[in-house]
There are 2 protein chains.
Amino acid sequence: MDKTIYFDNAATTFPKPEDVYIALNDSNRDFAVNAGRGSYKLAKEASAIIDITRVKISKLFNFSKEDHVIFSPSATIALNQIIGGLDFGGHKNVYVTPFEHNAVMRPLSHVNESKDINILEIPFDFQTLELNINQLKVDFSINYPDYVFLSHVSNVTGLILPISEIINLAKEYGAVVILDCCQSAGLIPIDLKNIAADFFVFAGHKTLYGPFGIGGFIYNSNIELKKYITGGTGSDSLNLDMPNSYPAKYEAASPNITAIAGLNAALNWINKTDIENIKLKEQKLTKYLIEGLKTIKGIKLYLPGDLQQHTSIVSCNFPNYSPDEIGMILDEDFNIAVRTGFHCAPKIHNLLGTRVLGGTVRFSVGYFNEIEHIEYLIKRLREI
Amino acid sequence: MDKTIYFDNAATTFPKPEDVYIALNDSNRDFAVNAGRGSYKLAKEASAIIDITRVKISKLFNFSKEDHVIFSPSATIALNQIIGGLDFGGHKNVYVTPFEHNAVMRPLSHVNESKDINILEIPFDFQTLELNINQLKVDFSINYPDYVFLSHVSNVTGLILPISEIINLAKEYGAVVILDCCQSAGLIPIDLKNIAADFFVFAGHKTLYGPFGIGGFIYNSNIELKKYITGGTGSDSLNLDMPNSYPAKYEAASPNITAIAGLNAALNWINKTDIENIKLKEQKLTKYLIEGLKTIKGIKLYLPGDLQQHTSIVSCNFPNYSPDEIGMILDEDFNIAVRTGFHCAPKIHNLLGTRVLGGTVRFSVGYFNEIEHIEYLIKRLREI
């Protein structure tokens, strides 16, 4: 095939909706000025787009405090702000799932170098990927949870984690919960009225179908987050401290107005297409993919026991070839783009037993994949 | 005028060269994938653009270690990484100029809350804006400098600071020097062979004429910068620490490939246009602007005594109107975009005496301004 068949949507969705490209180009050309820093029309236009996008993110999460939607250049920066801003004084028990990304694990590991924290793993079954809730109850009762970090969806297995079960239990201990929605926002409905997490982290360029350069978090907590990233805010400039108002307190630097305009267009597209339709299409494609993969002799699929709790990410391994070799063959011989290796998720490979195998081959489908792409993929995989 | 006359180029240059818009649009559509995370062609194409851009930044600074060019989402993040990564253990004397931006002052102020640091101001004359080198010699001899933060160009007055004089003196004490090149890179030739600073910070969207979403720093030092922002790097994923190699060590998160592609196009444009020609055009426009402003009765201009040490940023105040009022009139009545207030620079207004005046009106010209814009501006200012 001339054109790349793209199955790396968990890394970043590609392509984006046409409206996103148009918004990016238009905003670059028409009002890519320093929003909120100037009092002139173009700056106000840029500020208005930021405000509108904040409202749309709030609505997507059924959240009512728009000023507590904090924009960051990426989910990684957002997680650094959160982890760098939490109080790790005294002894703290920090629970993580085995599915966490290095955007969570590395900042925690960094904190661990200078603070007295105990990083504990929430127990999941290695075969069904099911939460062991009874064991977790025991664990929490022995080491009370202070902070709980949860991936909403695993970027390796596509598992939708039973977040409510974990959060409800964590909240019995008054734990602060940080939910990583990078692989779920815009794909799975998230209703903040029903999910008692304190921080919801999102990445613009993944399941939200927006561009690089914009992410952030929803600050749904009464706890005080210390500042971690500081700088100019275009307001209160004589004050050497950050302004006390939300969101300015956590938004240093010139806002990336074009990335926000792109995200705004992506949110419009999600609303227009409807989140249920996006999910349905991706589910249909994923079902087809899994059925196809199952026909390949010797393949090992790392899927949840309950496929109702699964999105559009499928990890697997093939006999006789390492993940990297499969990736290389698919790319060089067939122009199929997949991701191979450890996928920036350091812990899950212990659970899956894929550490020694060099990780997995990951196929992640997006809304712009078609059945034909999957047919082509399966056909080629059979030839290997 | 229908179209906005834009004089806020110090906030962000606008418009950008046409080639930058084309590169942004093309990269968004053609290869906005997760560079370096995948082994497939599109990811390699994206990685190649990043490598090429790194080389071009190196060349711009006459620097030979491309892998020590660190990309960040913005200059603010870069400064947080540097200031958050420096060792402030024990007592440290930190010198700043009165021209520093809040991207420097607020992170330093943040450090000051928990560490024993002494923030000292490098002495400048309030009328000529000239460095008082004799006083600085005395200051350094009493309080040895550990860290010295220098704006290369003031974002309020356009003053080109005598950085070599300060750096040479600071280096006699073995101080670590951080040079903020946000208002100079791409406009003033910077030769690292002749400037002994340890860190050079750049912003893609200002004098480099690139897009929002990309900045960074050149790591030209033997001192070890601790990690401050951590996360996935697409490599060495099982390692909970950041990789030890440059630049990966300081580059967490998916790279913003489209912003980098835009910066790459901007660097091509700078090379093609020639940095000397950019400077000459901006100088000519600025000279015309200053001459025009001087004809306005009662105006107070905050210019360096030596206009050879000046770029394209002019701050001033008008009789009978506050800076904000002038800004509002120019915007609403004449569609002229200027910046008013304190410009995220908290200390300079003490020197200029503009604290009580509500800051200044700042006109900052860019390569895409024309003489006609300035004629129009001066004409309108005369009517106020």
# chains A, B, ... in the order shown; residues from 1 in each chain; ligands from 1
call {"tool": "residues_around", "arguments": {"residues": "Gly298 of chain B", "least_positions_apart": "2", "cutoff": "10 Å", "atoms": "only C-alpha atoms", "output": "list in words"}}
result
Lys294, Thr295, Ile296, Lys300, Leu301, Asn317, Phe318, Pro319 and Asn320 of chain B
call {"tool": "write_last_selection", "arguments": {"atoms": "N, CA and C atoms", "output": "short mmCIF file (atom, residue, chain, number, x, y, z; two decimals), in the first residue's frame"}}
result
data_model
loop_
_atom_site.label_atom_id
_atom_site.label_comp_id
_atom_site.auth_asym_id
_atom_site.auth_seq_id
_atom_site.Cartn_x
_atom_site.Cartn_y
_atom_site.Cartn_z
N LYS B 294 8.73 60.53 19.20
CA LYS B 294 9.35 61.72 19.80
C LYS B 294 8.61 63.01 19.42
N THR B 295 7.84 62.95 18.35
CA THR B 295 7.10 64.15 17.93
C THR B 295 5.82 64.34 18.75
N ILE B 296 5.50 63.36 19.59
CA ILE B 296 4.26 63.46 20.35
C ILE B 296 4.51 64.17 21.68
N LYS B 300 6.82 60.12 27.24
CA LYS B 300 8.03 59.72 27.97
C LYS B 300 8.46 58.37 27.41
N LEU B 301 9.64 58.35 26.81
CA LEU B 301 10.16 57.11 26.21
C LEU B 301 11.19 56.47 27.15
N ASN B 317 5.19 56.21 27.90
CA ASN B 317 3.95 56.66 28.54
C ASN B 317 3.52 57.99 27.97
N PHE B 318 2.22 58.22 28.02
CA PHE B 318 1.62 59.42 27.43
C PHE B 318 1.00 60.28 28.52
N PRO B 319 0.98 61.58 28.31
CA PRO B 319 0.35 62.44 29.33
C PRO B 319 -1.16 62.23 29.33
N ASN B 320 -1.77 62.36 30.46
CA ASN B 320 -3.24 62.36 30.62
C ASN B 320 -3.92 61.00 30.48
#
call {"tool": "residues_around", "arguments": {"residues": "segment 123-138 of chain B", "least_positions_apart": "5", "cutoff": "6 Å", "atoms": "only C-alpha atoms", "output": "MDAnalysis selection string"}}
result
chainID B and resid 304:305 351
call {"tool": "closest_residue", "arguments": {"among": "A:Arg362, A:His310, A:Arg382, A:Lys56", "to": "Leu161 of chain A", "atoms": "only C-alpha atoms"}}
result
A:His310
call {"tool": "atom_distance", "arguments": {"atom1": "atom CA of Glu251 of chain B", "atom2": "atom CA of Ala103 of chain A"}}
result
11.7 Å
call {"tool": "atom_distance", "arguments": {"atom1": "atom CA of Pro17 of chain A", "atom2": "atom CA of Asn335 of chain A"}}
result
22.0 Å
